[in-house]
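Here is the structure we will look at.
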Amino acid sequence: MQPTVASLWRYPVKSCRGESLARVEVEPWGLRQDRRWMVVDLAGTMVTARELNRLLVVHPTLTDVGLRLTAPGAQAVDVPAPDPAGQVPISIWSSRLTAADAGDGAAAWLGEVLGRDVRLVHLDDPRRRPTSPTYSEPDDRVSLADGYPLLLTTAASADAVSAAAETPVPMHRYRPNLVVEGTEPWGEDTWRRFRIGDVTFRVVKGCARCVMTTMEPDHDAGTVARGPEPTRTLARLRRFGKGVWFGVNVIPDRPVPTGATIAVGDPVEVLEAVEPGTPPIGS
């Protein structure tokens with residue numbers, strides 16, 4: 001069976017609500033406009049839903065001039081893309097770089113919604129942030145995703161987890177960029193290179209999962225529920241070393257053709273793979 005793209009997801013603001021896309025442009029550092037904005041504390045350190053769960057119910061929408069932010073119980077706010085000249089130091093995991101501060105209005109709105117003093121920043125130029133050198137090449141770049149440009153998951157692997165879990169786990173909890181259908185469960189572990197349309201991708205590392213997969217946002221009520229799944233089931237099915245693993249991190253091969261897009265329904269051609277049963281890279 002020919003694997004195909006089942007869905008595409010973009011997250012304009014790191015840790016906030018994502019959006020489902022029918023088609024999207026691919027850039028060297030990921031999907032266009034994916035995770036180019038981030039919430040930071042007053043020292044410039046990233047703030048994610050791991051610590052402030054309510055970030056998951058903040059709904060960012062890209063506009064012609066920047067962002068519109070909405071959340072249950074709060075009036076929407078429009079945030080223009082800040083002047084790139086206003087750079088401030090930020091940190092995300094081991095990366096130290098600069099981004100443009102989005103101003104006091106966005107900070108005040110987020111502070112009210114989240115109950116904590118924070119700032120919003122915009123990464124105007126992703127070329128400032130290299131990927132982790134352990135699993136990538138010197139010229140690879142990433143926006144404000146955790147470590148790599150895209151996360152790929154498969155419908156078959158998600159179904160395998162849901163079948164073994166106490167309750168089904170919806171795909172959005174894994175926060176993928178690219179969901180593929182038409183594979184065997186865990187087949188993505190074996191992929192090393194694949195092509196969609198005009199873009200070739202490298203599979204560089206498996207994804208060890210964190211507590212965010214256990215959070216289910218209620219976008220109407222503005223609340224976030226926590227539970228044991230899928231971590232409990234992944235610990236039985238997918239424990240390698242000290243982590244539980246689901247999905248793979250991928251990087252677009254350079255050069256990425258200018259204006260290249262991928263779309264739901266596109267065929268996925270696996271160019272290189274290793275033997276089935278191979279553990280995730282990095283595990």
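Labels used: A, B, ... for chains in the order of the structure tokens, numbers from 1 for residues in each chain, and numbers from 1 for ligands as shown.
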Practice problem: Determine which residues of region 28-272 of chain A DSSP labels as alpha helix (DSSP H) from the backbone of this structure, then write them out as number ranges by chain. | Solution: A: 104-114, 155-164, 231-237
Output N, CA, C and O atoms for every residue in that selection, as an mmCIF file, in the first residue's frame.
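Result saved to part19.cif:
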data_model
loop_
_atom_site.group_PDB
_atom_site.id
_atom_site.type_symbol
_atom_site.label_atom_id
_atom_site.label_comp_id
_atom_site.auth_asym_id
_atom_site.auth_seq_id
_atom_site.Cartn_x
_atom_site.Cartn_y
_atom_site.Cartn_z
ATOM 1 N N ASP A 104 4.448 45.321 24.600
ATOM 2 C CA ASP A 104 3.763 45.270 25.888
ATOM 3 C C ASP A 104 2.322 44.802 25.766
ATOM 4 O O ASP A 104 1.785 44.195 26.702
ATOM 5 N N GLY A 105 1.656 45.094 24.648
ATOM 6 C CA GLY A 105 0.263 44.681 24.498
ATOM 7 C C GLY A 105 0.111 43.181 24.510
ATOM 8 O O GLY A 105 -0.752 42.626 25.215
ATOM 9 N N ALA A 106 0.940 42.484 23.732
ATOM 10 C CA ALA A 106 0.900 41.022 23.712
ATOM 11 C C ALA A 106 1.274 40.452 25.070
ATOM 12 O O ALA A 106 0.674 39.484 25.554
ATOM 13 N N ALA A 107 2.277 41.064 25.717
ATOM 14 C CA ALA A 107 2.709 40.579 27.028
ATOM 15 C C ALA A 107 1.593 40.721 28.062
ATOM 16 O O ALA A 107 1.363 39.810 28.872
ATOM 17 N N ALA A 108 0.883 41.857 28.031
ATOM 18 C CA ALA A 108 -0.190 42.078 28.995
ATOM 19 C C ALA A 108 -1.331 41.085 28.775
ATOM 20 O O ALA A 108 -1.900 40.544 29.734
ATOM 21 N N TRP A 109 -1.677 40.850 27.523
ATOM 22 C CA TRP A 109 -2.758 39.912 27.203
ATOM 23 C C TRP A 109 -2.398 38.503 27.676
ATOM 24 O O TRP A 109 -3.192 37.829 28.334
ATOM 25 N N LEU A 110 -1.206 38.049 27.355
ATOM 26 C CA LEU A 110 -0.781 36.719 27.771
ATOM 27 C C LEU A 110 -0.686 36.613 29.294
ATOM 28 O O LEU A 110 -1.042 35.585 29.881
ATOM 29 N N GLY A 111 -0.205 37.663 29.942
ATOM 30 C CA GLY A 111 -0.124 37.647 31.390
ATOM 31 C C GLY A 111 -1.487 37.474 32.034
ATOM 32 O O GLY A 111 -1.639 36.738 33.021
ATOM 33 N N GLU A 112 -2.488 38.135 31.476
ATOM 34 C CA GLU A 112 -3.851 38.018 32.000
ATOM 35 C C GLU A 112 -4.398 36.611 31.784
ATOM 36 O O GLU A 112 -5.023 36.018 32.673
ATOM 37 N N VAL A 113 -4.171 36.051 30.608
ATOM 38 C CA VAL A 113 -4.702 34.719 30.273
ATOM 39 C C VAL A 113 -3.977 33.623 31.052
ATOM 40 O O VAL A 113 -4.591 32.659 31.523
ATOM 41 N N LEU A 114 -2.663 33.761 31.201
ATOM 42 C CA LEU A 114 -1.854 32.692 31.790
ATOM 43 C C LEU A 114 -1.611 32.866 33.284
ATOM 44 O O LEU A 114 -1.182 31.924 33.949
ATOM 45 N N ALA A 155 -0.582 7.122 11.288
ATOM 46 C CA ALA A 155 -1.889 6.727 11.799
ATOM 47 C C ALA A 155 -1.846 5.321 12.380
ATOM 48 O O ALA A 155 -2.487 5.034 13.402
ATOM 49 N N ALA A 156 -1.072 4.422 11.753
ATOM 50 C CA ALA A 156 -1.017 3.039 12.227
ATOM 51 C C ALA A 156 -0.400 2.949 13.619
ATOM 52 O O ALA A 156 -0.869 2.181 14.466
ATOM 53 N N SER A 157 0.635 3.731 13.884
ATOM 54 C CA SER A 157 1.258 3.714 15.208
ATOM 55 C C SER A 157 0.318 4.298 16.259
ATOM 56 O O SER A 157 0.212 3.783 17.381
ATOM 57 N N ALA A 158 -0.381 5.376 15.916
ATOM 58 C CA ALA A 158 -1.341 5.959 16.855
ATOM 59 C C ALA A 158 -2.472 4.980 17.146
ATOM 60 O O ALA A 158 -2.927 4.861 18.296
ATOM 61 N N ASP A 159 -2.932 4.270 16.129
ATOM 62 C CA ASP A 159 -3.986 3.272 16.335
ATOM 63 C C ASP A 159 -3.506 2.144 17.246
ATOM 64 O O ASP A 159 -4.268 1.625 18.068
ATOM 65 N N ALA A 160 -2.229 1.750 17.100
ATOM 66 C CA ALA A 160 -1.679 0.686 17.944
ATOM 67 C C ALA A 160 -1.662 1.113 19.402
ATOM 68 O O ALA A 160 -1.949 0.304 20.300
ATOM 69 N N VAL A 161 -1.320 2.359 19.668
ATOM 70 C CA VAL A 161 -1.341 2.856 21.047
ATOM 71 C C VAL A 161 -2.763 2.895 21.580
ATOM 72 O O VAL A 161 -3.047 2.427 22.691
ATOM 73 N N SER A 162 -3.678 3.451 20.789
ATOM 74 C CA SER A 162 -5.066 3.560 21.248
ATOM 75 C C SER A 162 -5.688 2.194 21.518
ATOM 76 O O SER A 162 -6.470 2.024 22.466
ATOM 77 N N ALA A 163 -5.339 1.195 20.697
ATOM 78 C CA ALA A 163 -5.891 -0.146 20.885
ATOM 79 C C ALA A 163 -5.422 -0.776 22.188
ATOM 80 O O ALA A 163 -6.137 -1.597 22.787
ATOM 81 N N ALA A 164 -4.236 -0.402 22.646
ATOM 82 C CA ALA A 164 -3.672 -0.979 23.870
ATOM 83 C C ALA A 164 -3.943 -0.132 25.104
ATOM 84 O O ALA A 164 -3.720 -0.599 26.226
ATOM 85 N N THR A 231 1.295 7.896 28.054
ATOM 86 C CA THR A 231 2.583 7.532 28.650
ATOM 87 C C THR A 231 2.545 6.127 29.237
ATOM 88 O O THR A 231 3.499 5.349 29.082
ATOM 89 N N ARG A 232 1.435 5.786 29.891
ATOM 90 C CA ARG A 232 1.350 4.452 30.519
ATOM 91 C C ARG A 232 1.482 3.356 29.470
ATOM 92 O O ARG A 232 2.225 2.389 29.664
ATOM 93 N N THR A 233 0.792 3.515 28.346
ATOM 94 C CA THR A 233 0.848 2.477 27.309
ATOM 95 C C THR A 233 2.175 2.514 26.563
ATOM 96 O O THR A 233 2.748 1.461 26.240
ATOM 97 N N LEU A 234 2.695 3.699 26.290
ATOM 98 C CA LEU A 234 4.001 3.774 25.628
ATOM 99 C C LEU A 234 5.095 3.138 26.492
ATOM 100 O O LEU A 234 6.045 2.557 25.970
ATOM 101 N N ALA A 235 4.948 3.216 27.808
ATOM 102 C CA ALA A 235 5.937 2.601 28.687
ATOM 103 C C ALA A 235 5.943 1.080 28.540
ATOM 104 O O ALA A 235 6.967 0.431 28.770
ATOM 105 N N ARG A 236 4.807 0.509 28.150
ATOM 106 C CA ARG A 236 4.746 -0.939 27.906
ATOM 107 C C ARG A 236 5.208 -1.296 26.495
ATOM 108 O O ARG A 236 5.912 -2.287 26.299
ATOM 109 N N LEU A 237 4.818 -0.471 25.524
ATOM 110 C CA LEU A 237 5.063 -0.815 24.127
ATOM 111 C C LEU A 237 6.336 -0.216 23.551
ATOM 112 O O LEU A 237 6.936 -0.802 22.638
#
Give me, as a tab-separated table, each residue of region 34-138 of chain A that comes within 8 Å of region 209-216 of chain A, together with its shortest interatomic pair and the distance in Å at one decimal, counting only C-alpha atoms, with rows ordered by chain and rising residue number.
residue	atom	partner	partner_atom	distance
A:Ala49	CA	A:Met212	CA	6.9
A:Arg50	CA	A:Met212	CA	5.9
A:Asn53	CA	A:Met215	CA	7.8
Practice problem: Between A:Glu229, A:Pro80, A:Gly277, A:Ala74, single out the one closest to Glu166 (chain A), counting only C-alpha atoms. | Solution: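 Result for the nearest residue to Glu166 (chain A): A:Glu229.
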Cut-off 12 Å: closest region 90-199 of chain A/region 250-268 of chain A atom pairs per residue, using only C-alpha atoms, as a tab-separated table:
residue	atom	partner	partner_atom	distance
A:Pro130	CA	A:Ile251	CA	11.7
A:Thr131	CA	A:Ile251	CA	9.4
A:Ser132	CA	A:Ile251	CA	11.4
A:Tyr135	CA	A:Ile251	CA	10.1
A:Ser136	CA	A:Ile251	CA	8.2
A:Glu137	CA	A:Ile251	CA	9.8
A:Pro138	CA	A:Arg254	CA	11.7
A:Asp139	CA	A:Arg254	CA	8.9
A:Asp140	CA	A:Ile251	CA	7.7
A:Arg141	CA	A:Ile251	CA	8.7
A:Val142	CA	A:Ile251	CA	8.7
A:Ser143	CA	A:Ile251	CA	11.7
A:Ala145	CA	A:Val250	CA	11.8
A:Gly147	CA	A:Val250	CA	10.0
A:Tyr148	CA	A:Ile251	CA	6.6
A:Pro149	CA	A:Ile251	CA	5.6
A:Leu150	CA	A:Val250	CA	5.3
A:Leu151	CA	A:Val250	CA	6.2
A:Leu152	CA	A:Val250	CA	7.0
A:Thr153	CA	A:Val250	CA	10.5
A:Thr154	CA	A:Val268	CA	11.6
A:Pro176	CA	A:Val250	CA	11.1
A:Asn177	CA	A:Val250	CA	10.0
A:Leu178	CA	A:Val264	CA	9.3
A:Val179	CA	A:Val264	CA	9.1
A:Val180	CA	A:Val268	CA	7.9
A:Glu181	CA	A:Val268	CA	9.3
A:Gly182	CA	A:Val268	CA	9.4
A:Thr183	CA	A:Val268	CA	10.1
A:Glu188	CA	A:Val250	CA	10.7
A:Asp189	CA	A:Val250	CA	11.4
A:Trp191	CA	A:Val250	CA	10.1
A:Arg192	CA	A:Val250	CA	9.1
A:Arg193	CA	A:Val250	CA	8.9
A:Phe194	CA	A:Val268	CA	6.8
A:Arg195	CA	A:Val268	CA	5.9
A:Ile196	CA	A:Val268	CA	5.2
A:Gly197	CA	A:Ile262	CA	6.3
A:Asp198	CA	A:Ala260	CA	6.4
A:Val199	CA	A:Val256	CA	6.3
